[in-house]
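What follows is a set of notes on a single structure, which appears directly below.
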Amino acid sequence: MESVQAIKQRFGIIGNTPTLNRAIEKAIQVAPTDISVLVTGESGVGKESIPKIIHQLSHRKHNKYIAVNCGAIPEGTIDSELFGHEKGAFTGASQTREGYFEVADGGTIFLDEVGELPLTTQVRLLRVLENGEFLKVGSSKVQKTNVRIVAATNVNMFEAIEKEKFREDLYYRLSTVDINLPPLRERPEDIHLLFRKFASDFALKYKMPTVKLTDPAVQILIKHRWNGNIRQLRNIAEQISVLEQNRTINADTLKGYLPASGTNFPAVIKTSKSESDFSSEREILYKVLFDMKSDLNDLKKLTMELMKHGNTKDVEKNNESLIQKIYSNDDEEVLDFEESVTNAELISIPEHTSNLDDPVTSQDKYHFAEEIEEEETLSIHDKELELIKKSLERHSGKRKLAAAELGISERTLYRKIKQYDL
Ligand SMILES: Nc1ncnc2c1ncn2[C@@H]1O[C@H](COP(=O)(O)OP(=O)(O)OP(=O)(O)O)[C@@H](O)[C@H]1O
Ligand SMILES: [Mg+2]
């Protein structure tokens with residue numbers, strides 16, 4: 001049996017992380033059998049080399065290896081592509097045609113993006129996997145084939161099963177053995193190694209000296225999130241290799257090539273469609289900033305009132321809605337409160353809030369707040385406008401949904417739409 005190192009060399013796989021080695025080891029072990037394998041991992045982690053290893057190390061290596069990108073074939077033709085069709089099966093089917101399962105008899109089929117297969121095709125695939133039988137489109141003659149299936153996906157198959165987009169029985173049949181490839185951010189020790197390899201490849205390709213990173217640049221490279229994994233790292237190595245005159249790349253130059261959202265923040269993991277759909281961490285930060293700034297302005301207004309009038313009861317009475325807004329977490333409550341002021345219960349200001357009692361602290365706070373206001377008002381307003389626009393766009397102008405996403409009441413959103421003349 002070939003060693004993991006030898007396989008890496010043969011298939012051009014760079015890296016030494018134990019999880020990567022384990023994945024390759026699994027591929028080597030499972031190759032001589034006919035077991036179905038499901039390769040999982042984020043986009044760009046290198047899933048495509050696993051089915052090649054499996055095919056090349058199997059007794060099928062002298063027969064066909066066909067890679068099919070299930071996501072790229074239109075739904076209307078995929079059955080015919082995979083299983084073939086009879087002459088006259090549909091308009092334009094002027095000849096009988098063999099499908100991949102017939103052509104690859106004795107070999108291996110790699111079903112990439114298998115999660116994209118239509119449900120009707122999934123039924124056909126299940127049948128082939130269970131007993132090697134299939135029917136050409138438009139034919140009732142059962143045919144036999146002997147094909148080994150390796151599939152790959154970068155989507156969460158359990159979610160797809162839950163949403164009834166993928167058959168559970170097929171999932172278990174495909175994933176007799178699951179080979180998972182780790183995301184690049186979980187392989188920090190491989191990141192610079194991969195960059196050096198790509199930099200040297202591109203230097204050869206473009207006949208230029210190899211680019212090198214300074215130590216601080218290496219640190220930035222390692223800390224980056226690499227949401228696009230090795231594919232993204234490779235692209236960035238190529239851009240730098242082609243564009244940079246100075247072949248020593250420092251941290252600032254490197255930063256210019258890295259998308260801002262992918263650095264130090266934790267990943268925003270979308271668990272369900274109903275959750276906020278902010279596309280970048282920056283947007284979330286801006287939203288937090290707006291909320292803080294709006295709270296701060298309200299507090300400033302209230303403090304001014306207190307300083308002017310001194311009488312807490314009067315201030316309470318005259319600023320009911322403001323107090324309600326500041327001390328309530330629920331925007332909807334503010335709406336109800338504002339709409340039926342007569343029935344509203346007054347919320348008291350806590351008697352001893354240190355910020356209000358202590359002039360020094362209070363002054364310091366506002367001094368700080370003023371500084372922020374002077375420097376940030378413009379860009380924060382711009383960003384707020386941008387956020388609202390995006391959210392409205394995302395929800396096709398439906399204010400209720402946009403307000404829910406932005407975490408504000410519909411009334412506040414309406415006010416802002418007027419304010420920004422949207
Ligand atoms: N360990 C590695 N060493 C060198 N190059 C690699 C490695 N892993 C991946 N690559 C390169 O990264 C690119 C992306 O890999 P690949 O196409 O296999 O990703 P993938 O996991 O199939 O992604 P997707 O789910 O988007 O299809 C390819 O150019 C591949 O050659
Ligand atoms: Mg792929």
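Going through the structure tokens in order, the chains are called A, B, and so on, while each chain numbers its residues from 1 and the ligands are numbered from 1 in the order shown.
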A:Ile191 surroundings by only C-alpha atoms, 12 Å radius, close-in-sequence under 4 positions cut, as an mmCIF file with N, CA and C atoms, in the first residue's frame:
```
data_model
loop_
_atom_site.group_PDB
_atom_site.id
_atom_site.type_symbol
_atom_site.label_atom_id
_atom_site.label_comp_id
_atom_site.auth_asym_id
_atom_site.auth_seq_id
_atom_site.Cartn_x
_atom_site.Cartn_y
_atom_site.Cartn_z
ATOM 1 N N ILE A 14 -0.554 19.347 -0.961
ATOM 2 C CA ILE A 14 0.388 19.969 -0.023
ATOM 3 C C ILE A 14 -0.249 20.014 1.350
ATOM 4 N N GLY A 15 0.557 19.809 2.379
ATOM 5 C CA GLY A 15 0.050 19.932 3.744
ATOM 6 C C GLY A 15 0.425 18.739 4.584
ATOM 7 N N ASN A 16 0.458 19.007 5.894
ATOM 8 C CA ASN A 16 0.886 17.946 6.794
ATOM 9 C C ASN A 16 0.003 17.821 8.029
ATOM 10 N N THR A 17 -1.125 18.516 8.019
ATOM 11 C CA THR A 17 -2.005 18.473 9.185
ATOM 12 C C THR A 17 -2.531 17.052 9.383
ATOM 13 N N VAL A 45 -11.643 23.193 -0.379
ATOM 14 C CA VAL A 45 -10.710 22.487 0.525
ATOM 15 C C VAL A 45 -9.925 21.388 -0.182
ATOM 16 N N PRO A 183 -11.339 22.599 6.909
ATOM 17 C CA PRO A 183 -11.153 23.928 6.300
ATOM 18 C C PRO A 183 -9.724 24.412 6.544
ATOM 19 N N LEU A 184 -9.273 25.316 5.681
ATOM 20 C CA LEU A 184 -7.882 25.775 5.768
ATOM 21 C C LEU A 184 -7.582 26.430 7.119
ATOM 22 N N ARG A 185 -8.574 27.149 7.671
ATOM 23 C CA ARG A 185 -8.315 27.851 8.935
ATOM 24 C C ARG A 185 -8.029 26.876 10.072
ATOM 25 N N GLU A 186 -8.410 25.617 9.883
ATOM 26 C CA GLU A 186 -8.089 24.617 10.903
ATOM 27 C C GLU A 186 -6.791 23.896 10.586
ATOM 28 N N ARG A 187 -6.075 24.425 9.601
ATOM 29 C CA ARG A 187 -4.775 23.831 9.241
ATOM 30 C C ARG A 187 -3.726 24.938 9.208
ATOM 31 N N PHE A 195 1.119 28.630 0.513
ATOM 32 C CA PHE A 195 1.401 29.899 -0.162
ATOM 33 C C PHE A 195 2.743 29.815 -0.882
ATOM 34 N N ARG A 196 3.746 29.270 -0.184
ATOM 35 C CA ARG A 196 5.091 29.171 -0.805
ATOM 36 C C ARG A 196 5.041 28.309 -2.061
ATOM 37 N N LYS A 197 4.283 27.216 -1.973
ATOM 38 C CA LYS A 197 4.174 26.314 -3.124
ATOM 39 C C LYS A 197 3.511 27.051 -4.310
ATOM 40 N N PHE A 198 2.408 27.728 -4.017
ATOM 41 C CA PHE A 198 1.708 28.438 -5.095
ATOM 42 C C PHE A 198 2.590 29.570 -5.647
ATOM 43 N N VAL A 218 3.344 36.922 7.179
ATOM 44 C CA VAL A 218 3.035 35.498 7.377
ATOM 45 C C VAL A 218 1.987 35.360 8.486
ATOM 46 N N GLN A 219 2.162 36.157 9.555
ATOM 47 C CA GLN A 219 1.205 36.084 10.672
ATOM 48 C C GLN A 219 -0.205 36.455 10.197
ATOM 49 N N ILE A 220 -0.279 37.487 9.358
ATOM 50 C CA ILE A 220 -1.596 37.896 8.844
ATOM 51 C C ILE A 220 -2.190 36.798 7.976
ATOM 52 N N LEU A 221 -1.334 36.206 7.162
ATOM 53 C CA LEU A 221 -1.786 35.128 6.280
ATOM 54 C C LEU A 221 -2.381 33.981 7.110
ATOM 55 N N ILE A 222 -1.706 33.663 8.206
ATOM 56 C CA ILE A 222 -2.144 32.530 9.028
ATOM 57 C C ILE A 222 -3.440 32.846 9.777
ATOM 58 N N LYS A 223 -3.565 34.127 10.182
ATOM 59 C CA LYS A 223 -4.761 34.477 10.963
ATOM 60 C C LYS A 223 -6.002 34.702 10.112
ATOM 61 N N HIS A 224 -5.822 34.843 8.823
ATOM 62 C CA HIS A 224 -6.983 35.105 7.963
ATOM 63 C C HIS A 224 -7.950 33.921 8.022
ATOM 64 N N ARG A 225 -9.256 34.199 7.789
ATOM 65 C CA ARG A 225 -10.246 33.110 7.913
ATOM 66 C C ARG A 225 -10.285 32.161 6.720
ATOM 67 N N TRP A 226 -9.894 32.619 5.575
ATOM 68 C CA TRP A 226 -9.881 31.787 4.365
ATOM 69 C C TRP A 226 -11.207 31.073 4.128
ATOM 70 N N ASN A 229 -11.034 28.930 1.369
ATOM 71 C CA ASN A 229 -10.039 27.868 1.574
ATOM 72 C C ASN A 229 -8.876 27.915 0.575
ATOM 73 N N ILE A 230 -8.438 26.717 0.139
ATOM 74 C CA ILE A 230 -7.196 26.673 -0.647
ATOM 75 C C ILE A 230 -7.369 27.371 -2.006
ATOM 76 N N ARG A 231 -8.581 27.296 -2.548
ATOM 77 C CA ARG A 231 -8.829 27.968 -3.826
ATOM 78 C C ARG A 231 -8.579 29.470 -3.685
ATOM 79 N N GLN A 232 -9.033 30.035 -2.575
ATOM 80 C CA GLN A 232 -8.860 31.478 -2.341
ATOM 81 C C GLN A 232 -7.384 31.810 -2.117
ATOM 82 N N LEU A 233 -6.705 30.963 -1.350
ATOM 83 C CA LEU A 233 -5.277 31.200 -1.090
ATOM 84 C C LEU A 233 -4.487 31.168 -2.399
ATOM 85 N N ARG A 234 -4.850 30.226 -3.241
ATOM 86 C CA ARG A 234 -4.170 30.073 -4.528
ATOM 87 C C ARG A 234 -4.400 31.316 -5.398
ATOM 88 N N ALA A 237 -2.348 34.181 -4.058
ATOM 89 C CA ALA A 237 -0.929 33.989 -4.372
ATOM 90 C C ALA A 237 -0.686 34.350 -5.837
#
```
For the interface of chain A with ligand 2 (cut-off 12 Å, counting only C-alpha atoms and all ligand atoms), please tabulate each contacting residue of chain A alongside its nearest pair of atoms and their separation in Å to one decimal, rows sorted by chain and increasing number, as CSV.
```
residue,atom,partner,partner_atom_place_in_ligand_line,distance
A:Val39,CA,ligand 2,1 (Mg),10.0
A:Thr40,CA,ligand 2,1 (Mg),10.1
A:Gly41,CA,ligand 2,1 (Mg),9.7
A:Glu42,CA,ligand 2,1 (Mg),9.4
A:Ser43,CA,ligand 2,1 (Mg),6.9
A:Gly44,CA,ligand 2,1 (Mg),6.8
A:Val45,CA,ligand 2,1 (Mg),8.4
A:Gly46,CA,ligand 2,1 (Mg),7.1
A:Lys47,CA,ligand 2,1 (Mg),5.9
A:Glu48,CA,ligand 2,1 (Mg),5.4
A:Ser49,CA,ligand 2,1 (Mg),9.0
A:Ile50,CA,ligand 2,1 (Mg),10.5
A:Pro51,CA,ligand 2,1 (Mg),10.8
A:Ala67,CA,ligand 2,1 (Mg),10.0
A:Val68,CA,ligand 2,1 (Mg),10.2
A:Asn69,CA,ligand 2,1 (Mg),8.1
A:Cys70,CA,ligand 2,1 (Mg),10.6
A:Gly71,CA,ligand 2,1 (Mg),10.4
A:Ala72,CA,ligand 2,1 (Mg),11.4
A:Phe110,CA,ligand 2,1 (Mg),10.4
A:Leu111,CA,ligand 2,1 (Mg),9.8
A:Asp112,CA,ligand 2,1 (Mg),6.3
A:Glu113,CA,ligand 2,1 (Mg),7.2
A:Val114,CA,ligand 2,1 (Mg),10.5
A:Ala151,CA,ligand 2,1 (Mg),10.3
A:Ala152,CA,ligand 2,1 (Mg),7.5
A:Thr153,CA,ligand 2,1 (Mg),7.9
A:Asn154,CA,ligand 2,1 (Mg),8.2
A:Val155,CA,ligand 2,1 (Mg),11.6
A:Leu181,CA,ligand 2,1 (Mg),11.9
A:Gly228,CA,ligand 2,1 (Mg),11.8
A:Asn229,CA,ligand 2,1 (Mg),11.8
A:Ile230,CA,ligand 2,1 (Mg),11.5
A:Arg231,CA,ligand 2,1 (Mg),10.0
```
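Proximity ranking of A:Ala160, A:Ile28, A:Ile236, A:Met307 relative to ligand 1 places A:Ile236 first, based on only C-alpha atoms and all ligand atoms.
Every residue of stretch 45-101 of chain A with a DSSP assignment of strand (DSSP E), taken from the backbone, is listed as A:Tyr65, A:Ile66, A:Ala67, A:Val68, A:Asn69.
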Check the smallest atom-to-atom distance from each of A:Lys300, A:His192, A:His59, A:Lys308 to ligand 1 using only C-alpha atoms and all ligand atoms, then report the winner. A:His192
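Proximity to A:Thr248 at 10 Å, evaluated using only C-alpha atoms and with sequence-adjacent residues fewer than 3 positions away removed, yields A:Thr210, A:Val211, A:Lys212, A:Leu213, A:Thr214, A:Ala217, A:Glu244, A:Gln245, A:Thr253.
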Save the residues we just selected, all heavy atoms, as a compact mmCIF listing (two decimals), in the first residue's frame?
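out.txt, written as the output of this step:
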```txt
# COMPACT_ATOMS: atom_id res chain seq x y z
N THR A 210 10.20 34.59 -7.38
CA THR A 210 9.15 34.17 -6.45
C THR A 210 8.88 35.25 -5.41
O THR A 210 9.82 35.84 -4.87
CB THR A 210 9.62 32.89 -5.70
OG1 THR A 210 10.08 31.96 -6.68
CG2 THR A 210 8.49 32.27 -4.90
N VAL A 211 7.60 35.50 -5.11
CA VAL A 211 7.30 36.47 -4.05
C VAL A 211 7.52 35.81 -2.69
O VAL A 211 7.34 34.61 -2.53
CB VAL A 211 5.85 37.01 -4.13
CG1 VAL A 211 5.66 37.97 -5.27
CG2 VAL A 211 4.83 35.88 -4.19
N LYS A 212 7.95 36.67 -1.74
CA LYS A 212 8.19 36.16 -0.38
C LYS A 212 7.46 37.06 0.60
O LYS A 212 7.36 38.27 0.38
CB LYS A 212 9.69 36.27 -0.06
CG LYS A 212 10.50 35.11 -0.54
CD LYS A 212 11.76 34.99 0.33
CE LYS A 212 12.52 33.71 0.01
NZ LYS A 212 13.33 33.83 -1.20
N LEU A 213 6.98 36.46 1.69
CA LEU A 213 6.26 37.26 2.70
C LEU A 213 7.19 37.61 3.86
O LEU A 213 8.01 36.79 4.27
CB LEU A 213 5.08 36.46 3.26
CG LEU A 213 4.01 36.00 2.28
CD1 LEU A 213 2.96 35.16 3.00
CD2 LEU A 213 3.33 37.19 1.60
N THR A 214 7.04 38.83 4.40
CA THR A 214 7.79 39.17 5.62
C THR A 214 7.13 38.42 6.79
O THR A 214 6.01 37.93 6.65
CB THR A 214 7.71 40.68 5.92
OG1 THR A 214 6.31 41.01 6.12
CG2 THR A 214 8.27 41.52 4.78
N ALA A 217 3.73 39.60 7.70
CA ALA A 217 2.77 39.22 6.65
C ALA A 217 2.38 37.76 6.81
O ALA A 217 1.21 37.39 6.63
CB ALA A 217 3.37 39.49 5.27
N GLU A 244 2.62 42.41 -8.02
CA GLU A 244 3.56 43.15 -7.17
C GLU A 244 4.96 43.25 -7.78
O GLU A 244 5.59 42.23 -8.08
CB GLU A 244 3.63 42.49 -5.78
CG GLU A 244 2.40 42.72 -4.93
CD GLU A 244 2.06 44.19 -4.72
OE1 GLU A 244 2.97 44.99 -4.44
OE2 GLU A 244 0.87 44.55 -4.86
N GLN A 245 5.42 44.50 -7.94
CA GLN A 245 6.77 44.72 -8.46
C GLN A 245 7.81 44.31 -7.42
O GLN A 245 8.76 43.61 -7.71
CB GLN A 245 6.97 46.23 -8.75
CG GLN A 245 6.07 46.78 -9.83
CD GLN A 245 6.51 46.32 -11.20
OE1 GLN A 245 7.69 46.25 -11.48
NE2 GLN A 245 5.56 45.98 -12.05
N THR A 253 0.84 45.36 2.30
CA THR A 253 0.56 44.95 0.91
C THR A 253 -0.35 43.74 0.91
O THR A 253 -1.34 43.68 0.16
CB THR A 253 1.88 44.62 0.19
OG1 THR A 253 2.77 45.71 0.38
CG2 THR A 253 1.67 44.35 -1.28
```
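Residue nearest ligand 1 within the list A:Phe202, A:Phe11, A:Tyr420, A:Tyr65: A:Phe11 [criterion: smallest interatomic distance, only C-alpha atoms and all ligand atoms].
Counting only C-alpha atoms and all ligand atoms and comparing A:Val103, A:Ala27, A:Leu193, A:Val177, the residue that lies closest to ligand 1 is A:Leu193.
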